[in-house]
Amino acid sequence: MMDGKIQLRAKVTGITKIYENTAIADTLWQYTGTLDISGETKVTLPDSIFPKADLTYFIDCIFTNSNNEQKRTRLSATYLYNNTHVDFRASHDTLYITYPPEKRVPAMC
């Protein structure tokens, strides 16, 4: 397997309700790292990035291999502050996210 890197960026696309008077940045979170040569790279999306608001967001995933070739994927989701159920999944090249925390499955793009 070739060496590579991954860039992830979670950005807000819409806000439907704010529960406290707070500013909400358009970019919730960013991550850059290397891909694990074992074939599975795990990255934790921190729950602390989400404000006290209901919103929609996407995660841009950019994979770059050692030949500098890129593959891009965009995943969309909704975050509800008072909801205990979040579930979205992509199957090939894997992304599984489940919420609440005790039911959380590691997510991969």
# chains A, B, ... in the order shown; residues from 1 in each chain; ligands from 1
$ residues_around --residues "region 72-74 of chain A" --least-positions-apart "4" --cutoff "8 Å" --atoms "only C-alpha atoms" --output "PyMOL selection string"
chain A and resi 58-63+109
$ atom_distance --atom1 "CA of Thr56 (chain A)" --atom2 "CA of Ile15 (chain A)"
6.5 Å
$ atom_distance --atom1 "CA of Tyr81 (chain A)" --atom2 "CA of Tyr19 (chain A)"
8.2 Å
$ atom_distance --atom1 "CA of Pro46 (chain A)" --atom2 "CA of Trp29 (chain A)"
8.5 Å
$ closest_residue --among "A:Thr32, A:Ala90, A:Asp54, A:Tyr79" --to "Ile18 (chain A)" --atoms "only C-alpha atoms"
A:Asp54
$ residues_around --residues "Lys11 (chain A)" --least-positions-apart "5" --cutoff "6 Å" --atoms "only C-alpha atoms" --output "PyMOL selection string"
chain A and resi 26-28+57-58
$ write_last_selection --atoms "C-alpha atoms" --output "mmCIF file, in the first residue's frame"
data_model
loop_
_atom_site.group_PDB
_atom_site.id
_atom_site.type_symbol
_atom_site.label_atom_id
_atom_site.label_comp_id
_atom_site.auth_asym_id
_atom_site.auth_seq_id
_atom_site.Cartn_x
_atom_site.Cartn_y
_atom_site.Cartn_z
ATOM 1 C CA ASP A 26 -18.795 28.313 9.072
ATOM 2 C CA THR A 27 -15.931 25.823 9.504
ATOM 3 C CA LEU A 28 -16.565 23.549 12.476
ATOM 4 C CA TYR A 57 -23.162 20.454 7.516
ATOM 5 C CA PHE A 58 -20.887 18.586 5.174
#
$ closest_residue --among "A:Glu69, A:Leu75, A:Thr44, A:Pro51" --to "Ala23 (chain A)" --atoms "only C-alpha atoms"
A:Pro51
$ closest_residue --among "A:Ala25, A:Gly4, A:Leu80, A:Arg9" --to "Gly39 (chain A)" --atoms "only C-alpha atoms"
A:Gly4
$ residues_around --residues "Asp36 (chain A)" --least-positions-apart "3" --cutoff "9 Å" --atoms "only C-alpha atoms" --output "tab-separated table (two decimals) with N, CA, C and O atoms, in the first residue's frame"
chain	number	residue	atom	x	y	z
A	3	ASP	N	1.92	5.26	0.60
A	3	ASP	CA	1.72	6.30	1.61
A	3	ASP	C	0.76	7.33	1.04
A	3	ASP	O	0.70	7.56	-0.14
A	4	GLY	N	0.08	8.00	1.93
A	4	GLY	CA	-0.85	9.04	1.49
A	4	GLY	C	-1.25	9.89	2.66
A	4	GLY	O	-0.85	9.67	3.80
A	5	LYS	N	-2.07	10.90	2.35
A	5	LYS	CA	-2.56	11.76	3.43
A	5	LYS	C	-4.03	12.04	3.21
A	5	LYS	O	-4.58	11.84	2.13
A	39	GLY	N	-4.24	0.09	5.81
A	39	GLY	CA	-5.44	0.12	4.99
A	39	GLY	C	-6.64	0.73	5.67
A	39	GLY	O	-7.66	0.97	5.06
A	40	GLU	N	-6.56	1.01	6.98
A	40	GLU	CA	-7.67	1.60	7.71
A	40	GLU	C	-7.15	2.75	8.55
A	40	GLU	O	-6.30	2.56	9.41
A	41	THR	N	-7.63	3.95	8.28
A	41	THR	CA	-7.24	5.13	9.03
A	41	THR	C	-8.45	5.60	9.83
A	41	THR	O	-9.51	5.83	9.27
A	42	LYS	N	-8.29	5.73	11.13
A	42	LYS	CA	-9.39	6.16	12.00
A	42	LYS	C	-9.16	7.60	12.44
A	42	LYS	O	-8.09	7.95	12.91
$ decode --residues "region 1-100 of chain A" --atoms "C-alpha atoms" --output "PDB file, in the first residue's frame"
ATOM      1  CA  MET A   1       0.000   0.000   0.000  1.00  0.00           C
ATOM      2  CA  MET A   2       1.216   3.503  -0.851  1.00  0.00           C
ATOM      3  CA  ASP A   3       1.724   6.297   1.605  1.00  0.00           C
ATOM      4  CA  GLY A   4      -0.846   9.035   1.492  1.00  0.00           C
ATOM      5  CA  LYS A   5      -2.555  11.761   3.431  1.00  0.00           C
ATOM      6  CA  ILE A   6      -6.085  12.805   4.249  1.00  0.00           C
ATOM      7  CA  GLN A   7      -7.626  16.235   4.740  1.00  0.00           C
ATOM      8  CA  LEU A   8     -11.036  16.583   6.384  1.00  0.00           C
ATOM      9  CA  ARG A   9     -13.077  19.746   6.771  1.00  0.00           C
ATOM     10  CA  ALA A  10     -16.527  20.012   8.405  1.00  0.00           C
ATOM     11  CA  LYS A  11     -18.459  23.105   7.286  1.00  0.00           C
ATOM     12  CA  VAL A  12     -21.909  24.442   8.170  1.00  0.00           C
ATOM     13  CA  THR A  13     -24.366  24.691   5.274  1.00  0.00           C
ATOM     14  CA  GLY A  14     -27.409  25.943   7.179  1.00  0.00           C
ATOM     15  CA  ILE A  15     -28.684  26.781  10.657  1.00  0.00           C
ATOM     16  CA  THR A  16     -32.313  26.137  11.583  1.00  0.00           C
ATOM     17  CA  LYS A  17     -32.311  26.921  15.320  1.00  0.00           C
ATOM     18  CA  ILE A  18     -29.896  28.371  17.880  1.00  0.00           C
ATOM     19  CA  TYR A  19     -30.434  27.432  21.548  1.00  0.00           C
ATOM     20  CA  GLU A  20     -28.109  30.018  23.095  1.00  0.00           C
ATOM     21  CA  ASN A  21     -26.872  33.383  21.913  1.00  0.00           C
ATOM     22  CA  THR A  22     -23.644  32.276  20.279  1.00  0.00           C
ATOM     23  CA  ALA A  23     -21.608  32.878  17.155  1.00  0.00           C
ATOM     24  CA  ILE A  24     -21.300  29.871  14.871  1.00  0.00           C
ATOM     25  CA  ALA A  25     -18.281  29.606  12.603  1.00  0.00           C
ATOM     26  CA  ASP A  26     -18.795  28.313   9.072  1.00  0.00           C
ATOM     27  CA  THR A  27     -15.931  25.823   9.504  1.00  0.00           C
ATOM     28  CA  LEU A  28     -16.565  23.549  12.476  1.00  0.00           C
ATOM     29  CA  TRP A  29     -13.406  21.463  12.280  1.00  0.00           C
ATOM     30  CA  GLN A  30     -10.351  20.622  10.158  1.00  0.00           C
ATOM     31  CA  TYR A  31      -7.950  17.709  10.207  1.00  0.00           C
ATOM     32  CA  THR A  32      -4.869  16.767   8.182  1.00  0.00           C
ATOM     33  CA  GLY A  33      -2.957  13.547   8.711  1.00  0.00           C
ATOM     34  CA  THR A  34      -1.312  10.582   7.083  1.00  0.00           C
ATOM     35  CA  LEU A  35      -3.143   7.456   5.996  1.00  0.00           C
ATOM     36  CA  ASP A  36      -2.361   4.309   7.933  1.00  0.00           C
ATOM     37  CA  ILE A  37      -0.506   1.859   5.699  1.00  0.00           C
ATOM     38  CA  SER A  38      -2.551  -1.009   7.195  1.00  0.00           C
ATOM     39  CA  GLY A  39      -5.443   0.124   4.988  1.00  0.00           C
ATOM     40  CA  GLU A  40      -7.671   1.604   7.712  1.00  0.00           C
ATOM     41  CA  THR A  41      -7.242   5.127   9.032  1.00  0.00           C
ATOM     42  CA  LYS A  42      -9.388   6.160  12.000  1.00  0.00           C
ATOM     43  CA  VAL A  43     -10.162   9.816  12.698  1.00  0.00           C
ATOM     44  CA  THR A  44     -12.472  10.932  15.491  1.00  0.00           C
ATOM     45  CA  LEU A  45     -14.840  13.800  14.774  1.00  0.00           C
ATOM     46  CA  PRO A  46     -15.019  15.525  18.177  1.00  0.00           C
ATOM     47  CA  ASP A  47     -18.554  16.119  19.455  1.00  0.00           C
ATOM     48  CA  SER A  48     -17.291  19.323  21.079  1.00  0.00           C
ATOM     49  CA  ILE A  49     -17.197  21.032  17.648  1.00  0.00           C
ATOM     50  CA  PHE A  50     -20.977  21.266  17.508  1.00  0.00           C
ATOM     51  CA  PRO A  51     -22.644  24.394  18.902  1.00  0.00           C
ATOM     52  CA  LYS A  52     -25.937  24.523  20.784  1.00  0.00           C
ATOM     53  CA  ALA A  53     -27.860  24.722  17.520  1.00  0.00           C
ATOM     54  CA  ASP A  54     -29.657  22.643  14.914  1.00  0.00           C
ATOM     55  CA  LEU A  55     -27.732  22.751  11.654  1.00  0.00           C
ATOM     56  CA  THR A  56     -26.774  21.015   8.460  1.00  0.00           C
ATOM     57  CA  TYR A  57     -23.162  20.454   7.516  1.00  0.00           C
ATOM     58  CA  PHE A  58     -20.887  18.586   5.174  1.00  0.00           C
ATOM     59  CA  ILE A  59     -17.519  16.925   5.536  1.00  0.00           C
ATOM     60  CA  ASP A  60     -15.095  17.288   2.643  1.00  0.00           C
ATOM     61  CA  CYS A  61     -12.625  14.395   2.467  1.00  0.00           C
ATOM     62  CA  ILE A  62      -9.546  14.746   0.286  1.00  0.00           C
ATOM     63  CA  PHE A  63      -7.247  11.758  -0.093  1.00  0.00           C
ATOM     64  CA  THR A  64      -3.822  12.259  -1.693  1.00  0.00           C
ATOM     65  CA  ASN A  65      -1.544   9.332  -2.560  1.00  0.00           C
ATOM     66  CA  SER A  66       2.245   9.330  -2.889  1.00  0.00           C
ATOM     67  CA  ASN A  67       1.902  10.181  -6.602  1.00  0.00           C
ATOM     68  CA  ASN A  68      -0.015  13.322  -5.589  1.00  0.00           C
ATOM     69  CA  GLU A  69      -3.238  11.957  -7.107  1.00  0.00           C
ATOM     70  CA  GLN A  70      -6.363  13.088  -5.263  1.00  0.00           C
ATOM     71  CA  LYS A  71      -9.751  11.579  -4.585  1.00  0.00           C
ATOM     72  CA  ARG A  72     -12.470  13.815  -3.152  1.00  0.00           C
ATOM     73  CA  THR A  73     -15.636  12.838  -1.331  1.00  0.00           C
ATOM     74  CA  ARG A  74     -18.318  15.046   0.244  1.00  0.00           C
ATOM     75  CA  LEU A  75     -20.621  13.719   2.953  1.00  0.00           C
ATOM     76  CA  SER A  76     -23.659  15.636   4.218  1.00  0.00           C
ATOM     77  CA  ALA A  77     -25.448  15.397   7.547  1.00  0.00           C
ATOM     78  CA  THR A  78     -27.803  17.144   9.948  1.00  0.00           C
ATOM     79  CA  TYR A  79     -26.934  17.882  13.576  1.00  0.00           C
ATOM     80  CA  LEU A  80     -29.803  18.400  16.046  1.00  0.00           C
ATOM     81  CA  TYR A  81     -28.670  19.733  19.409  1.00  0.00           C
ATOM     82  CA  ASN A  82     -31.465  18.125  21.458  1.00  0.00           C
ATOM     83  CA  ASN A  83     -31.632  14.920  19.459  1.00  0.00           C
ATOM     84  CA  THR A  84     -30.072  11.700  20.655  1.00  0.00           C
ATOM     85  CA  HIS A  85     -30.183  10.049  17.227  1.00  0.00           C
ATOM     86  CA  VAL A  86     -27.775  10.813  14.408  1.00  0.00           C
ATOM     87  CA  ASP A  87     -27.164   8.230  11.745  1.00  0.00           C
ATOM     88  CA  PHE A  88     -25.578   8.583   8.354  1.00  0.00           C
ATOM     89  CA  ARG A  89     -23.479   6.137   6.440  1.00  0.00           C
ATOM     90  CA  ALA A  90     -21.687   5.718   3.178  1.00  0.00           C
ATOM     91  CA  SER A  91     -20.695   2.220   2.275  1.00  0.00           C
ATOM     92  CA  HIS A  92     -17.762   2.018  -0.116  1.00  0.00           C
ATOM     93  CA  ASP A  93     -14.659   3.720   1.238  1.00  0.00           C
ATOM     94  CA  THR A  94     -16.687   3.675   4.457  1.00  0.00           C
ATOM     95  CA  LEU A  95     -18.198   6.364   6.651  1.00  0.00           C
ATOM     96  CA  TYR A  96     -20.461   5.230   9.487  1.00  0.00           C
ATOM     97  CA  ILE A  97     -21.554   7.685  12.150  1.00  0.00           C
ATOM     98  CA  THR A  98     -24.032   6.863  14.869  1.00  0.00           C
ATOM     99  CA  TYR A  99     -24.992   8.909  17.895  1.00  0.00           C
ATOM    100  CA  PRO A 100     -25.388   8.955  20.989  1.00  0.00           C
TER     101      PRO A 100
END
